[in-house]
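K.L.:
Right, I'll just put the structure down here and ask away after.
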Amino acid sequence: MLTVLSVLRSGGEYNADWVARLRKAVNRHLSVSHEFKCLSDVSVPCERIPLEHDWLGWWAKVEIFRPGVVNGQTLYLDLDTVLVGSIDRLTELPHDFSIMRNLNASWMPGSAVMWFRDKAPAKVYETFKENPEHYISQYSDRSQGTYMGDQAFIWDVLNRKVSYLTDSVPGLIRSY
């Protein structure tokens, strides 16, 4: 069965209401049989996978790549994703791992939507876990423009060899 996954780290601008809204939108716009789960450190209105680390903000998403979190076909969506139509095509991607193109810089990935066919590339989690403070500092430099954050880290760890799901489903994902 397909898993739709999100991440909620407490202490930021998002809360469990965002999880409930996204879950409701997924149920409305995904006809494929699925279960909705959330990696979180607080109670959420769906199955919760406990976060194991205190990595703040978007860095909590690195735990998606923790061995055992992704088991089978998994579609990851950021909590601020707004669904306005069917997302079934996102569950038919031919790659083991796909990530969207960054909507502000199409030459690099954006981690708001990711697809995993079977497992997540554990190398992302294992590398980050070795020295999270270093990577948070390195990839939080705003002078780098859009080349920052978890998406740049994921891209670098995977040697910038990723499949872009937005190329497989052109026009399906847009920025508001």
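Every chain in the structure tokens takes a letter, A first, then B, and so on in the order presented; its residues are numbered from 1, and the ligands are numbered from 1 following the presented order.
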Where does range 40-76 of chain A meet range 121-131 of chain A within 9 Å, residue by residue, with the nearest atom pair and distance in Å to one decimal for each, counting only C-alpha atoms, listed by chain and rising number, as a Markdown table?
P.N.:
```
| residue | atom | partner | partner_atom | distance |
| --- | --- | --- | --- | --- |
| A:Val62 | CA | A:Tyr125 | CA | 5.8 |
| A:Glu63 | CA | A:Tyr125 | CA | 6.4 |
| A:Ile64 | CA | A:Tyr125 | CA | 7.9 |
| A:Phe65 | CA | A:Tyr125 | CA | 5.2 |
| A:Arg66 | CA | A:Tyr125 | CA | 5.4 |
| A:Pro67 | CA | A:Ala122 | CA | 5.9 |
```
K.L.:
Deliver the residues from the most recent selection as a file, using C-alpha atoms, as an mmCIF file, in the first residue's frame.
P.N.:
```cif
data_model
loop_
_atom_site.group_PDB
_atom_site.id
_atom_site.type_symbol
_atom_site.label_atom_id
_atom_site.label_comp_id
_atom_site.auth_asym_id
_atom_site.auth_seq_id
_atom_site.Cartn_x
_atom_site.Cartn_y
_atom_site.Cartn_z
ATOM 1 C CA VAL A 62 16.357 14.298 6.921
ATOM 2 C CA GLU A 63 14.741 11.664 9.143
ATOM 3 C CA ILE A 64 12.649 10.565 6.160
ATOM 4 C CA PHE A 65 15.895 8.963 4.976
ATOM 5 C CA ARG A 66 16.360 7.107 8.293
ATOM 6 C CA PRO A 67 16.391 3.358 7.640
#
```
K.L.:
Residues near range 70-87 of chain A, anyone? I mean within 9 Å using only C-alpha atoms, not counting same-chain ones fewer than 3 positions away, as a ChimeraX atom specification.
P.N.:
/A:1-8,14,18-19,21-22,25-26,28-31,64-67,90-91,111-120,172
K.L.:
Can you list, as an MDAnalysis selection string, every residue of range 24-148 of chain A that DSSP puts in helix (DSSP H, G or I)?
P.N.:
chainID A and resid 24:29 57:65 88:91 122:130 132:138 142:144
K.L.:
Given only C-alpha atoms as the basis, pick out the residue of A:Asp96, A:Arg89, A:Lys24, A:Ser10 nearest to Asp54 in chain A.
P.N.:
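Comparing A:Asp96, A:Arg89, A:Lys24, A:Ser10 against Asp54 in chain A, the winner is A:Ser10.
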K.L.:
Write out as JSON, numbers by chain the residues lying within 8 Å of range 99-110 of chain A, counting only C-alpha atoms and excluding same-chain residues fewer than 2 positions away.
P.N.:
{"A": [97, 112, 113, 114, 115, 146, 147, 151, 152, 155, 162, 163, 164, 165, 166, 174, 175]}
K.L.:
Considering only C-alpha atoms, can you say which of A:Ile154, A:Ala16, A:Val169, A:Ala60 comes closest to Arg48 in chain A?
P.N.:
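Closest to Arg48 in chain A, using only C-alpha atoms: A:Ala16.
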K.L.:
Have a look at A:Arg9, A:Arg142, A:His53, A:Arg23 and name the one nearest to Asp41 in chain A; count only C-alpha atoms.
P.N.:
A:Arg9
K.L.:
Which parts of range 36-83 of chain A does DSSP call strand (DSSP E) when run on the backbone here, written out as a PyMOL selection string?
P.N.:
chain A and resi 36-40+47-50+74-77
K.L.:
Just N, CA, C and O atoms for this one: save the residues we selected as an mmCIF file, in the first residue's frame.
P.N.:
```cif
data_model
loop_
_atom_site.group_PDB
_atom_site.id
_atom_site.type_symbol
_atom_site.label_atom_id
_atom_site.label_comp_id
_atom_site.auth_asym_id
_atom_site.auth_seq_id
_atom_site.Cartn_x
_atom_site.Cartn_y
_atom_site.Cartn_z
ATOM 1 N N PHE A 36 -1.832 7.557 5.483
ATOM 2 C CA PHE A 36 -1.171 8.839 5.728
ATOM 3 C C PHE A 36 -0.442 8.755 7.062
ATOM 4 O O PHE A 36 -1.037 8.377 8.077
ATOM 5 N N LYS A 37 0.852 9.095 7.053
ATOM 6 C CA LYS A 37 1.671 9.053 8.260
ATOM 7 C C LYS A 37 2.429 10.365 8.390
ATOM 8 O O LYS A 37 2.661 11.062 7.400
ATOM 9 N N CYS A 38 2.838 10.656 9.601
ATOM 10 C CA CYS A 38 3.587 11.884 9.844
ATOM 11 C C CYS A 38 4.732 11.608 10.809
ATOM 12 O O CYS A 38 4.524 11.056 11.893
ATOM 13 N N LEU A 39 5.937 11.988 10.404
ATOM 14 C CA LEU A 39 7.079 11.988 11.307
ATOM 15 C C LEU A 39 6.917 13.205 12.197
ATOM 16 O O LEU A 39 6.828 14.325 11.698
ATOM 17 N N SER A 40 6.857 13.016 13.505
ATOM 18 C CA SER A 40 6.601 14.154 14.377
ATOM 19 C C SER A 40 7.080 13.901 15.796
ATOM 20 O O SER A 40 7.249 12.755 16.215
ATOM 21 N N GLU A 47 -1.322 8.247 11.881
ATOM 22 C CA GLU A 47 -0.246 7.449 12.460
ATOM 23 C C GLU A 47 1.006 8.305 12.568
ATOM 24 O O GLU A 47 1.415 8.948 11.600
ATOM 25 N N ARG A 48 1.598 8.323 13.755
ATOM 26 C CA ARG A 48 2.800 9.124 13.997
ATOM 27 C C ARG A 48 4.029 8.235 14.041
ATOM 28 O O ARG A 48 4.033 7.203 14.718
ATOM 29 N N ILE A 49 5.055 8.643 13.313
ATOM 30 C CA ILE A 49 6.366 8.021 13.403
ATOM 31 C C ILE A 49 7.209 8.990 14.228
ATOM 32 O O ILE A 49 7.407 10.146 13.822
ATOM 33 N N PRO A 50 7.686 8.578 15.398
ATOM 34 C CA PRO A 50 8.414 9.513 16.245
ATOM 35 C C PRO A 50 9.729 9.988 15.614
ATOM 36 O O PRO A 50 10.476 9.191 15.044
ATOM 37 N N THR A 74 6.284 5.445 -1.327
ATOM 38 C CA THR A 74 6.011 6.548 -0.412
ATOM 39 C C THR A 74 6.082 7.864 -1.153
ATOM 40 O O THR A 74 7.036 8.133 -1.886
ATOM 41 N N LEU A 75 5.071 8.683 -0.938
ATOM 42 C CA LEU A 75 5.028 10.035 -1.478
ATOM 43 C C LEU A 75 5.141 10.986 -0.302
ATOM 44 O O LEU A 75 4.326 10.933 0.623
ATOM 45 N N TYR A 76 6.166 11.833 -0.319
ATOM 46 C CA TYR A 76 6.347 12.827 0.733
ATOM 47 C C TYR A 76 5.812 14.175 0.254
ATOM 48 O O TYR A 76 6.095 14.595 -0.871
ATOM 49 N N LEU A 77 5.067 14.859 1.133
ATOM 50 C CA LEU A 77 4.557 16.195 0.841
ATOM 51 C C LEU A 77 4.821 17.109 2.030
ATOM 52 O O LEU A 77 4.521 16.748 3.180
#
```
K.L.:
One decimal, Å: what's the distance from CA of Tyr139 in chain A over to CA of Phe153 in chain A, could you say?
P.N.:
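Between CA of Tyr139 in chain A and CA of Phe153 in chain A the gap works out to 6.7 Å.
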K.L.:
Mind pulling up the distance from CA of Trp58 in chain A to CA of Asp150 in chain A?
P.N.:
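Computing it gives 6.5 Å between the two atoms.
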K.L.:
With only C-alpha atoms as the atoms that count, which of A:Leu56, A:Asp88, A:Cys46, A:Asp17 lies nearest to Ser33 in chain A?
P.N.:
A:Asp88
